[in-house]
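Colleague: Below is a structure I'd like to ask you about.
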Number of protein chains: 2
Amino acid sequence: MRTRPLKVALLGCGVVGSEVARIMTTHADDLTARIGAPVELAGVAVRRPSKVRAGIDPALITTDATALLKRGDIDVAIEVIGGIEPARTLITTAFEQGISVVSANKALLAQDGAALHAAAESAGLDLYYEAAVAGAIPLIRPLRESLAGDKINRVMGIVNGTTNFILDKMDSTGAGYQEALDEATALGYAEADPTADVEGYDAAAKAAILAGIAFHTRVRLDDVHREGMTEVSAADFASAKRMGCTIKLLAICERAADGGSVTARVHPAMIPLTHPLASVREAYNAVFVEAEAAGRLMFYGPGAGGSPTASAVLGDLVAVCRNKLDRATGPGESAYTQLPVSPMGEVVTRYHISLDVADKPGVLAQVATVFAEHGVSIDTVRQQGRPETGGEASLVVVTHRAPDAALSGTVEALRKLDTVAGVASIMRVEGE
Amino acid sequence: MRTRPLKVALLGCGVVGSEVARIMTTHADDLTARIGAPVELAGVAVRRPSKVRAGIDPALITTDATALLKRGDIDVAIEVIGGIEPARTLITTAFEQGISVVSANKALLAQDGAALHAAAESAGLDLYYEAAVAGAIPLIRPLRESLAGDKINRVMGIVNGTTNFILDKMDSTGAGYQEALDEATALGYAEADPTADVEGYDAAAKAAILAGIAFHTRVRLDDVHREGMTEVSAADFASAKRMGCTIKLLAICERAADGGSVTARVHPAMIPLTHPLASVREAYNAVFVEAEAAGRLMFYGPGAGGSPTASAVLGDLVAVCRNKLDRATGPGESAYTQLPVSPMGEVVTRYHISLDVADKPGVLAQVATVFAEHGVSIDTVRQQGRPETGGEASLVVVTHRAPDAALSGTVEALRKLDTVAGVASIMRVEGE
């Protein structure tokens with residue numbers, strides 16, 4: 001056992017950082033035993049040094065993160081600031097100083113992962129970021145290491161707890177979107193500005209990271225097709241229930257059937273109640289993985305929060321410290337397949353389309369013709385008169401699998417039909 | 001990229017071994033890219049050399065596993081023979097020859113894990129065995145590495161697919177044990193002699209391995225309390241349903257409330273339908289983990305079968321090969337806590353007890369007195385007259401949490417009451 005401690009710089013001391021610092025103190029003996037050397041919190045870089053931080057020696061606090069990294073004795077930096085800058089510059093500085101990095105920064109990894117990995121690799125250092133996707137759920141290590149001998153064909157997950165909380169409320173209580181969002185905000189599950197969550201930006205960053213790891217290729221944030229869930233209505237849930245489904249905001253990364261390309265997307269979708277993801281409640285996350293040899297796997301747990309995220313950060317810290325002692329590095333970026341990322345139009349999926357139509361003979365024939373002209377095969381149609389609207393009816397069409405471009409072309413053509421008063425909702429159907 | 005291949009000896013070529021060999025061939029380029037060097041199947045040791053093995057060069061086949069390990073150029077051995085001998089001697093020989101080992105052998109690891117780990121460590125070699133527990137489900141790496149910065153308090157899982165298939169059938173069809181077992185046998189889910197599965201020996205070996213890793217201590221197979229599931233009846237499932245529960249054969253590893261000891265056990269138990277493990281169907285496995293910081297996690301997937309197990313073996317192979325190239329080793333045995341393993345009597349749990357009693361006044365008072373005398377608090381009692389048996393009634397008692405010794409003492413005393421004709425069933429209630 002080495003007695004000279006490994007020195008850690010903590011960059012950021014908010015909800016996650018303060019929990020990392022706390023556990024490093026309270027569980028110091030366990031960390032020492034598991035790493036094979038003591039690990040010491042050598043400095044904590046913060047924006048507001050005056051804030052009282054229980055359990056952290058005030059002498060460790062600094063506002064100069066760069067100076068902390070450059071003082072010459074730091075072995076590992078933990079970046080829990082979030083956002084692009086100053087996190088990116090600090091991580092780059094760390095690598096220049098021979099410091100390995102543990103990060104929880106999904107936005108930065110999704111945007112600049114390739115450059116950061118390259119910087120780590122050329123410096124012979126580690127860049128670990130288990131906490132960046134799905135909080136405490138071990139996901140990056142299983143995908144990158146446990147399944148390293150397998151071929152992953154699909155990763156489909158609930159990777160945003162806020163939106164799952166809202167959709168779960170809508171499902172279980174019949175509430176509308178705004179009402180469920182208000183409850184999520186009141187309970188602290190949604191931020192005052194929920195845009196990043198409800199518009200799918202947060203999930204899209206995670207999808208980019210997961211797709212890159214799963215398919216050993218580079219997937220940038222811009223490659224991810226993104227649709228938010230603010231339009232999901234109580235009526236959509238009612239339709240979903242009639243189909244034996246529920247609605248989840250999913251991040252879906254898929255290898256094309258011919259293996260020559262991949263896709264990554266985030267959007268609300270109907271999934272069957274029998275699918276393991278359907279029973280993921282409240283703010284929990286879960287990621288479903290389909291691999292050629294392993295089959296269907298699922299990883300479930302809390303996707304956010306100070307303690308769960310700190311657990312993931314500390315797991316990485318132990319690994320990076322062990323690598324330091326071994327003078328080795330863990331697996332870096334693996335992007336050797338260089339598979340192109342196809343646009344959303346090439347994704348093959350199913351649609352559930354709800355149309356408001358004139359309640360007269362021949363409408364179904366007209367609608368069916370539009371589907372046929374676009375090469376989209378219809379699975380089921382449910383037609384329902386709605387006398388209260390005076391001559392209008394609703395038509396719910398569920399398609400067979402078809403390219404997304406053919407499906408959206410169909411919808412565009414349907415909108416132009418005189419007999420179609422409106423397209424009430426369009427939702428993809430996944431997980432069957 | 002190194003061009004000289006890493007050489008692999010495959011020991012055993014049954015269902016798992018042949019799938020390992022197949023994937024090593026068909027996915028050779030992927031493995032090369034992920035490892036950073038080509039990997040070559042250098043020899044395959046089998047018992048029956050005459051058997052035709054599609055896709056394996058007959059020149060690689062040998063019956064002399066020891067000679068294969070001693071030929072001097074093997075880097076990694078994959079042991080998929082199973083059982084204690086000759087697997088143990090061969091793994092020991094591998095370490096003597098400077099060969100790292102990937103094994104899928106739960107029985108051997110549960111019995112001799114400490115000695116094998118010590119042999120690997122003193123030789124500076126790796127011993128990996130992700131495939132030994134829950135097949136393809138990444139579990140050992142997440143517990144050992146992802147949660148290395150956390151404190152695991154409980155691991156509770158369905159780690160035997162055969163028994164889960166049988167219990168799921170009984171639950172969904174109302175079938176009795178024998179009928180469900182017959183179906184499992186017919187479909188190939190159960191072996192001709194199902195003892196290892198249905199009596200819980202297989203699950204107990206996995207529980208020993210999981211407990212050791214989760215609590216950083218040594219847990220031997222003998223430390224695991226084991227009860228099979230052959231006595232579970234259709235009536236038990238009916239009782240479970242009335243409580244909003246189902247019945248699963250669970251492996252449960254727990255840290256005592258005071259943190260000073262651990263327990264490991266395998267037995268059938270009622271769990272609430274709302275628990276994530278309740279919805280694990282057919283032959284799937286799932287393991288639920290409770291950690292101090294991470295919270296509640298679950299890992300789900302196929303627990304057996306050639307391809308899933310091969311996936312886990314190959315993930316380990318990639319890791320061990322990468323370590324070889326780095327001249328490093330992965331995390332070895334971590335048993336620094338040296339926590340004692342407490343006997344079953346000290347486990348704190350709840351009981352569901354079904355009694356056949358005389359249908360006359362005062363019986364409930366007598367029964368309740370016995371519980372009170374043993375310090376076991378009753379949660380609910382359901383009393384039901386059964387005229388068809390002539391003067392007998394059934395009494396279903398669900399207790400609050402109490403030490404298992406107090407519960408079994410209670411049952412022993414109940415059996416001695418004149419008014420108790422018999423104890424129809426006793427089952428623990430978990431996961432609440």
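Following the order of the structure tokens, chains are lettered A, B, ..., residues in each are numbered from 1, and ligands are numbered from 1.
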I'd like the contact shell of Leu41 in chain A - 9 Å cut-off, only C-alpha atoms, skipping same-chain residues fewer than 3 positions apart - returned as a PyMOL selection string.

Modeller: chain A and resi 6-10+21+24-25+44+60

Colleague: If you count only C-alpha atoms, which residues fall within 6 Å of range 407-414 of chain A, apart from same-chain ones fewer than 2 positions away, as a list in words?

Modeller: Phe371, His374, Asp404, Ala405, Lys416 and Leu417 of chain A

Colleague: Provide as a ChimeraX atom specification the residues of chain A at most 7 Å from chain B, counting only C-alpha atoms.

Modeller: /A:31,33,136-138,142,145-150,293-302,307-308,311-312,314-316,318-319,326,328,336

Colleague: Emit the selected residues as a compact mmCIF listing (two decimals), in the first residue's frame, including N, CA and C atoms.

Modeller:
```txt
# COMPACT_ATOMS: atom_id res chain seq x y z
N LEU A 31 -12.10 4.30 0.49
CA LEU A 31 -11.48 4.70 -0.78
C LEU A 31 -10.00 4.32 -0.79
N ALA A 33 -8.58 1.83 0.78
CA ALA A 33 -8.45 0.39 0.61
C ALA A 33 -8.73 -0.03 -0.83
N ALA A 136 -26.45 7.83 -11.46
CA ALA A 136 -25.78 6.75 -10.75
C ALA A 136 -25.77 5.44 -11.51
N ILE A 137 -26.55 5.33 -12.58
CA ILE A 137 -26.66 4.03 -13.24
C ILE A 137 -25.37 3.70 -13.95
N PRO A 138 -24.73 2.60 -13.59
CA PRO A 138 -23.53 2.20 -14.32
C PRO A 138 -23.94 1.88 -15.77
N PRO A 142 -20.36 -0.40 -18.39
CA PRO A 142 -20.91 -1.62 -19.00
C PRO A 142 -20.89 -1.59 -20.54
N GLU A 145 -17.01 -1.47 -21.60
CA GLU A 145 -16.12 -2.55 -21.15
C GLU A 145 -16.82 -3.91 -21.12
N SER A 146 -17.96 -4.00 -20.40
CA SER A 146 -18.61 -5.31 -20.28
C SER A 146 -19.04 -5.84 -21.64
N LEU A 147 -19.53 -4.94 -22.51
CA LEU A 147 -20.01 -5.37 -23.82
C LEU A 147 -18.96 -5.17 -24.90
N ALA A 148 -17.69 -5.03 -24.50
CA ALA A 148 -16.62 -4.77 -25.47
C ALA A 148 -16.44 -5.94 -26.44
N GLY A 149 -16.91 -7.13 -26.07
CA GLY A 149 -16.78 -8.28 -26.95
C GLY A 149 -18.06 -8.57 -27.72
N ASP A 150 -19.00 -7.66 -27.67
CA ASP A 150 -20.31 -7.89 -28.29
C ASP A 150 -20.57 -6.79 -29.32
N ALA A 293 -25.05 -10.75 -29.07
CA ALA A 293 -24.88 -11.98 -28.28
C ALA A 293 -25.58 -11.88 -26.92
N ALA A 294 -25.46 -10.74 -26.26
CA ALA A 294 -26.02 -10.62 -24.91
C ALA A 294 -27.53 -10.65 -24.90
N GLY A 295 -28.16 -10.17 -25.98
CA GLY A 295 -29.61 -10.09 -25.99
C GLY A 295 -30.09 -8.77 -25.43
N ARG A 296 -31.21 -8.81 -24.69
CA ARG A 296 -31.84 -7.60 -24.19
C ARG A 296 -31.46 -7.35 -22.73
N LEU A 297 -30.80 -6.25 -22.49
CA LEU A 297 -30.38 -5.89 -21.13
C LEU A 297 -31.07 -4.61 -20.73
N MET A 298 -31.25 -4.40 -19.43
CA MET A 298 -31.74 -3.10 -18.98
C MET A 298 -31.00 -2.68 -17.73
N PHE A 299 -30.73 -1.37 -17.66
CA PHE A 299 -30.05 -0.76 -16.52
C PHE A 299 -30.98 0.31 -15.97
N TYR A 300 -31.23 0.27 -14.68
CA TYR A 300 -32.28 1.09 -14.06
C TYR A 300 -31.75 1.77 -12.81
N GLY A 301 -32.16 3.00 -12.56
CA GLY A 301 -31.77 3.67 -11.32
C GLY A 301 -32.06 5.14 -11.35
N PRO A 302 -31.62 5.86 -10.29
CA PRO A 302 -31.84 7.30 -10.25
C PRO A 302 -30.94 7.99 -11.26
N SER A 307 -26.34 12.88 -4.54
CA SER A 307 -25.71 11.64 -4.09
C SER A 307 -25.52 10.63 -5.21
N PRO A 308 -26.56 10.34 -6.01
CA PRO A 308 -26.36 9.37 -7.08
C PRO A 308 -25.27 9.79 -8.07
N SER A 311 -21.95 9.27 -6.55
CA SER A 311 -21.57 7.85 -6.57
C SER A 311 -20.85 7.49 -7.86
N ALA A 312 -21.42 7.97 -8.99
CA ALA A 312 -20.80 7.68 -10.29
C ALA A 312 -19.45 8.36 -10.41
N LEU A 314 -17.37 9.13 -8.00
CA LEU A 314 -16.39 8.48 -7.13
C LEU A 314 -15.97 7.11 -7.66
N GLY A 315 -16.90 6.41 -8.32
CA GLY A 315 -16.52 5.16 -8.97
C GLY A 315 -15.45 5.42 -10.02
N ASP A 316 -15.63 6.48 -10.79
CA ASP A 316 -14.62 6.87 -11.78
C ASP A 316 -13.32 7.28 -11.10
N VAL A 318 -12.06 6.21 -8.31
CA VAL A 318 -11.32 5.02 -7.90
C VAL A 318 -10.60 4.40 -9.10
N ALA A 319 -11.31 4.29 -10.23
CA ALA A 319 -10.71 3.69 -11.42
C ALA A 319 -9.51 4.50 -11.92
N ASP A 326 -1.05 2.20 -11.47
CA ASP A 326 -0.57 1.16 -12.41
C ASP A 326 0.20 1.76 -13.58
N ALA A 328 -1.13 3.12 -16.00
CA ALA A 328 -1.90 2.68 -17.16
C ALA A 328 -3.04 3.67 -17.39
N TYR A 336 -13.42 3.65 -34.08
CA TYR A 336 -12.79 3.06 -35.26
C TYR A 336 -13.77 2.69 -36.36
```

Colleague: Show me, as a count of residues only, the residues that have an atom within 10 Å of Lys169 in chain B when counting only C-alpha atoms, minus same-chain residues fewer than 3 positions from it.

Modeller: 17

Colleague: I want to know what sits within 8 Å of Val341 in chain B, based on only C-alpha atoms, with residues of the same chain fewer than 5 positions away left out; could you give that as a list in words?

Modeller: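 Once the nearby chain positions are removed, what remains is Val219, Asp223, Ser261, Val262, Thr263 and Ala264 of chain B.
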
Colleague: Using DSSP on the backbone coordinates, identify the residues of range 105-323 of chain A assigned to strand (DSSP E or B); present them as an NGL selection string.

Modeller: :A and (127-128 or 152-158 or 225-226 or 245-255 or 262-272 or 284-291 or 295-302)

Colleague: Using N, CA and C atoms, can you write the selected residues to a file as a compact mmCIF listing (two decimals), in the first residue's frame?

Modeller:
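See result_30.txt below for the written result:
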```txt
# COMPACT_ATOMS: atom_id res chain seq x y z
N LEU A 127 -9.81 10.15 -19.21
CA LEU A 127 -11.00 11.01 -19.16
C LEU A 127 -12.19 10.09 -18.92
N TYR A 128 -12.75 10.12 -17.72
CA TYR A 128 -13.88 9.26 -17.35
C TYR A 128 -15.11 10.13 -17.12
N ILE A 152 -23.42 -4.07 -30.22
CA ILE A 152 -24.65 -3.43 -29.76
C ILE A 152 -25.43 -2.93 -30.96
N ASN A 153 -26.70 -3.28 -31.03
CA ASN A 153 -27.52 -2.85 -32.16
C ASN A 153 -28.48 -1.73 -31.82
N ARG A 154 -28.85 -1.62 -30.56
CA ARG A 154 -29.79 -0.57 -30.19
C ARG A 154 -29.60 -0.19 -28.71
N VAL A 155 -29.68 1.10 -28.45
CA VAL A 155 -29.73 1.61 -27.08
C VAL A 155 -30.96 2.49 -27.02
N MET A 156 -31.87 2.18 -26.14
CA MET A 156 -33.12 2.94 -26.06
C MET A 156 -33.39 3.22 -24.59
N GLY A 157 -33.49 4.51 -24.24
CA GLY A 157 -33.60 4.77 -22.82
C GLY A 157 -34.38 5.99 -22.43
N ILE A 158 -34.77 5.97 -21.18
CA ILE A 158 -35.33 7.13 -20.49
C ILE A 158 -34.15 7.73 -19.74
N HIS A 225 -31.40 13.81 -33.82
CA HIS A 225 -32.73 14.37 -34.09
C HIS A 225 -33.42 14.57 -32.76
N ARG A 226 -34.00 15.77 -32.54
CA ARG A 226 -34.55 16.09 -31.24
C ARG A 226 -35.95 16.68 -31.35
N CYS A 245 -50.47 0.84 -24.50
CA CYS A 245 -49.17 1.52 -24.47
C CYS A 245 -49.14 2.62 -23.42
N THR A 246 -47.96 3.15 -23.15
CA THR A 246 -47.81 4.41 -22.46
C THR A 246 -46.88 5.28 -23.29
N ILE A 247 -46.63 6.52 -22.83
CA ILE A 247 -45.78 7.44 -23.59
C ILE A 247 -44.57 7.82 -22.75
N LYS A 248 -43.40 7.71 -23.35
CA LYS A 248 -42.15 8.08 -22.68
C LYS A 248 -41.34 8.96 -23.62
N LEU A 249 -40.53 9.85 -23.07
CA LEU A 249 -39.56 10.58 -23.89
C LEU A 249 -38.33 9.68 -23.99
N LEU A 250 -38.05 9.21 -25.19
CA LEU A 250 -36.99 8.22 -25.37
C LEU A 250 -35.79 8.78 -26.11
N ALA A 251 -34.62 8.36 -25.70
CA ALA A 251 -33.41 8.55 -26.50
C ALA A 251 -33.13 7.21 -27.17
N ILE A 252 -33.08 7.21 -28.51
CA ILE A 252 -32.95 5.95 -29.23
C ILE A 252 -31.75 6.03 -30.17
N CYS A 253 -30.82 5.12 -29.99
CA CYS A 253 -29.63 5.04 -30.84
C CYS A 253 -29.67 3.68 -31.51
N GLU A 254 -29.66 3.69 -32.85
CA GLU A 254 -29.82 2.42 -33.56
C GLU A 254 -28.78 2.25 -34.66
N ARG A 255 -28.41 1.02 -34.85
CA ARG A 255 -27.60 0.64 -35.99
C ARG A 255 -28.58 0.28 -37.11
N VAL A 262 -25.66 4.60 -38.55
CA VAL A 262 -26.37 4.63 -37.27
C VAL A 262 -27.28 5.85 -37.24
N THR A 263 -28.22 5.85 -36.31
CA THR A 263 -29.07 7.01 -36.08
C THR A 263 -29.18 7.26 -34.59
N ALA A 264 -29.45 8.51 -34.25
CA ALA A 264 -29.67 8.87 -32.84
C ALA A 264 -30.77 9.92 -32.79
N ARG A 265 -31.71 9.74 -31.90
CA ARG A 265 -32.88 10.63 -31.86
C ARG A 265 -33.47 10.67 -30.46
N VAL A 266 -34.17 11.76 -30.20
CA VAL A 266 -34.89 11.94 -28.94
C VAL A 266 -36.27 12.45 -29.28
N HIS A 267 -37.29 11.77 -28.87
CA HIS A 267 -38.67 12.22 -29.08
C HIS A 267 -39.61 11.44 -28.18
N PRO A 268 -40.82 11.98 -27.94
CA PRO A 268 -41.79 11.17 -27.21
C PRO A 268 -42.26 10.02 -28.09
N ALA A 269 -42.55 8.89 -27.48
CA ALA A 269 -43.01 7.74 -28.26
C ALA A 269 -43.92 6.88 -27.40
N MET A 270 -44.82 6.18 -28.10
CA MET A 270 -45.63 5.18 -27.41
C MET A 270 -44.81 3.90 -27.31
N ILE A 271 -44.84 3.27 -26.13
CA ILE A 271 -44.24 1.93 -26.00
C ILE A 271 -45.23 1.03 -25.28
N PRO A 272 -45.21 -0.26 -25.64
CA PRO A 272 -46.16 -1.20 -25.03
C PRO A 272 -45.95 -1.28 -23.52
N TYR A 284 -37.13 8.21 -12.17
CA TYR A 284 -36.11 7.19 -12.44
C TYR A 284 -35.72 7.19 -13.92
N ASN A 285 -34.52 6.75 -14.18
CA ASN A 285 -34.03 6.55 -15.54
C ASN A 285 -33.86 5.05 -15.79
N ALA A 286 -33.86 4.67 -17.04
CA ALA A 286 -33.54 3.29 -17.39
C ALA A 286 -33.10 3.25 -18.84
N VAL A 287 -32.16 2.40 -19.11
CA VAL A 287 -31.65 2.28 -20.47
C VAL A 287 -31.69 0.82 -20.88
N PHE A 288 -32.30 0.58 -22.01
CA PHE A 288 -32.50 -0.75 -22.56
C PHE A 288 -31.47 -0.92 -23.67
N VAL A 289 -30.74 -2.02 -23.63
CA VAL A 289 -29.67 -2.23 -24.61
C VAL A 289 -29.92 -3.56 -25.32
N GLU A 290 -29.85 -3.56 -26.63
CA GLU A 290 -29.95 -4.82 -27.37
C GLU A 290 -28.61 -5.10 -28.04
N ALA A 291 -28.01 -6.21 -27.65
CA ALA A 291 -26.71 -6.59 -28.22
C ALA A 291 -26.85 -7.94 -28.90
N GLY A 295 -28.16 -10.17 -25.98
CA GLY A 295 -29.61 -10.09 -25.99
C GLY A 295 -30.09 -8.77 -25.43
N ARG A 296 -31.21 -8.81 -24.69
CA ARG A 296 -31.84 -7.60 -24.19
C ARG A 296 -31.46 -7.35 -22.73
N LEU A 297 -30.80 -6.25 -22.49
CA LEU A 297 -30.38 -5.89 -21.13
C LEU A 297 -31.07 -4.61 -20.73
N MET A 298 -31.25 -4.40 -19.43
CA MET A 298 -31.74 -3.10 -18.98
C MET A 298 -31.00 -2.68 -17.73
N PHE A 299 -30.73 -1.37 -17.66
CA PHE A 299 -30.05 -0.76 -16.52
C PHE A 299 -30.98 0.31 -15.97
N TYR A 300 -31.23 0.27 -14.68
CA TYR A 300 -32.28 1.09 -14.06
C TYR A 300 -31.75 1.77 -12.81
N GLY A 301 -32.16 3.00 -12.56
CA GLY A 301 -31.77 3.67 -11.32
C GLY A 301 -32.06 5.14 -11.35
N PRO A 302 -31.62 5.86 -10.29
CA PRO A 302 -31.84 7.30 -10.25
C PRO A 302 -30.94 7.99 -11.26
```

Colleague: Would you compute the distance between CA of Arg53 in chain A and CA of Ala131 in chain A? Give it in Å to one decimal.

Modeller: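 Computing the Euclidean distance for CA of Arg53 in chain A and CA of Ala131 in chain A yields 22.3 Å.
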
Colleague: Would you mind writing down, as JSON, numbers by chain, each residue of range 30-70 of chain B that DSSP on the backbone assigns to alpha helix (DSSP H)?

Modeller: {"B": [30, 31, 32, 33, 34, 35, 65, 66, 67, 68, 69, 70]}

Colleague: Keeping N, CA, C and O atoms, export the residues of the selection given above as a CSV table (one decimal), in the first residue's frame.

Modeller:
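Dumped to selection_14.csv:
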```csv
chain,number,residue,atom,x,y,z
B,30,ASP,N,-13.4,-6.4,-35.0
B,30,ASP,CA,-13.8,-5.6,-33.9
B,30,ASP,C,-13.0,-5.8,-32.6
B,30,ASP,O,-12.6,-4.9,-32.0
B,31,LEU,N,-12.7,-7.1,-32.3
B,31,LEU,CA,-11.9,-7.4,-31.1
B,31,LEU,C,-10.6,-6.8,-31.3
B,31,LEU,O,-10.0,-6.2,-30.3
B,32,THR,N,-10.0,-6.8,-32.4
B,32,THR,CA,-8.6,-6.3,-32.7
B,32,THR,C,-8.7,-4.8,-32.4
B,32,THR,O,-7.8,-4.2,-31.7
B,33,ALA,N,-9.7,-4.1,-32.9
B,33,ALA,CA,-9.8,-2.6,-32.8
B,33,ALA,C,-10.0,-2.3,-31.3
B,33,ALA,O,-9.4,-1.3,-30.8
B,34,ARG,N,-10.7,-3.1,-30.6
B,34,ARG,CA,-11.1,-2.7,-29.2
B,34,ARG,C,-9.9,-3.0,-28.3
B,34,ARG,O,-9.8,-2.4,-27.2
B,35,ILE,N,-9.2,-4.1,-28.6
B,35,ILE,CA,-8.1,-4.5,-27.7
B,35,ILE,C,-6.8,-3.7,-28.0
B,35,ILE,O,-6.1,-3.3,-27.2
B,65,ALA,N,-5.3,-30.3,-22.1
B,65,ALA,CA,-5.4,-28.9,-21.7
B,65,ALA,C,-4.2,-28.4,-21.0
B,65,ALA,O,-3.7,-27.3,-21.2
B,66,THR,N,-3.6,-29.2,-20.2
B,66,THR,CA,-2.4,-28.9,-19.5
B,66,THR,C,-1.2,-28.6,-20.5
B,66,THR,O,-0.5,-27.5,-20.3
B,67,ALA,N,-1.1,-29.4,-21.5
B,67,ALA,CA,0.0,-29.2,-22.5
B,67,ALA,C,-0.3,-27.9,-23.2
B,67,ALA,O,0.7,-27.1,-23.5
B,68,LEU,N,-1.5,-27.6,-23.5
B,68,LEU,CA,-1.9,-26.4,-24.2
B,68,LEU,C,-1.4,-25.1,-23.4
B,68,LEU,O,-0.8,-24.2,-23.9
B,69,LEU,N,-1.7,-25.2,-22.1
B,69,LEU,CA,-1.3,-24.1,-21.2
B,69,LEU,C,0.2,-24.0,-21.1
B,69,LEU,O,0.7,-22.9,-20.9
B,70,LYS,N,0.9,-25.1,-21.2
B,70,LYS,CA,2.3,-25.1,-21.0
B,70,LYS,C,3.2,-24.9,-22.2
B,70,LYS,O,4.4,-25.0,-22.2
```

Colleague: Identify, on the basis of only C-alpha atoms, every residue whose closest approach to Ala205 in chain A does not exceed 9 Å; exclude the query and any residue fewer than 6 positions from it along the same chain; express the result as a ChimeraX atom specification.

Modeller: /A:106-111,133,220-221,224

Colleague: Given the selection you just returned, output its residues as a file containing N, CA and C atoms, formatted as a compact mmCIF listing (two decimals), in the first residue's frame.

Modeller:
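Listing of part-v2.txt after writing:
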```txt
# COMPACT_ATOMS: atom_id res chain seq x y z
N LYS A 106 -22.29 16.35 -19.34
CA LYS A 106 -22.86 15.76 -20.56
C LYS A 106 -22.83 16.72 -21.74
N ALA A 107 -23.12 18.01 -21.46
CA ALA A 107 -23.17 18.98 -22.56
C ALA A 107 -21.80 19.10 -23.23
N LEU A 108 -20.77 19.20 -22.41
CA LEU A 108 -19.42 19.34 -22.96
C LEU A 108 -18.97 18.07 -23.67
N LEU A 109 -19.24 16.92 -23.08
CA LEU A 109 -18.83 15.66 -23.71
C LEU A 109 -19.53 15.46 -25.04
N ALA A 110 -20.83 15.82 -25.08
CA ALA A 110 -21.59 15.63 -26.32
C ALA A 110 -21.07 16.56 -27.41
N GLN A 111 -20.64 17.76 -27.01
CA GLN A 111 -20.20 18.73 -28.01
C GLN A 111 -18.74 18.54 -28.40
N VAL A 133 -24.09 10.50 -17.99
CA VAL A 133 -25.30 9.88 -18.56
C VAL A 133 -25.99 9.05 -17.49
N ARG A 220 -22.06 13.51 -32.95
CA ARG A 220 -22.09 14.83 -32.34
C ARG A 220 -23.51 15.20 -31.96
N LEU A 221 -23.63 16.17 -31.08
CA LEU A 221 -24.95 16.62 -30.64
C LEU A 221 -25.83 16.99 -31.82
N VAL A 224 -28.02 14.38 -33.58
CA VAL A 224 -29.16 13.78 -32.87
C VAL A 224 -30.44 14.52 -33.25
```

Colleague: List the spatial neighbours of range 354-359 of chain B as a ChimeraX atom specification - criterion: any atom at most 7 Å away, only C-alpha atoms, same-chain residues fewer than 2 positions off excluded.

Modeller: /B:352,385,391-397,419-426
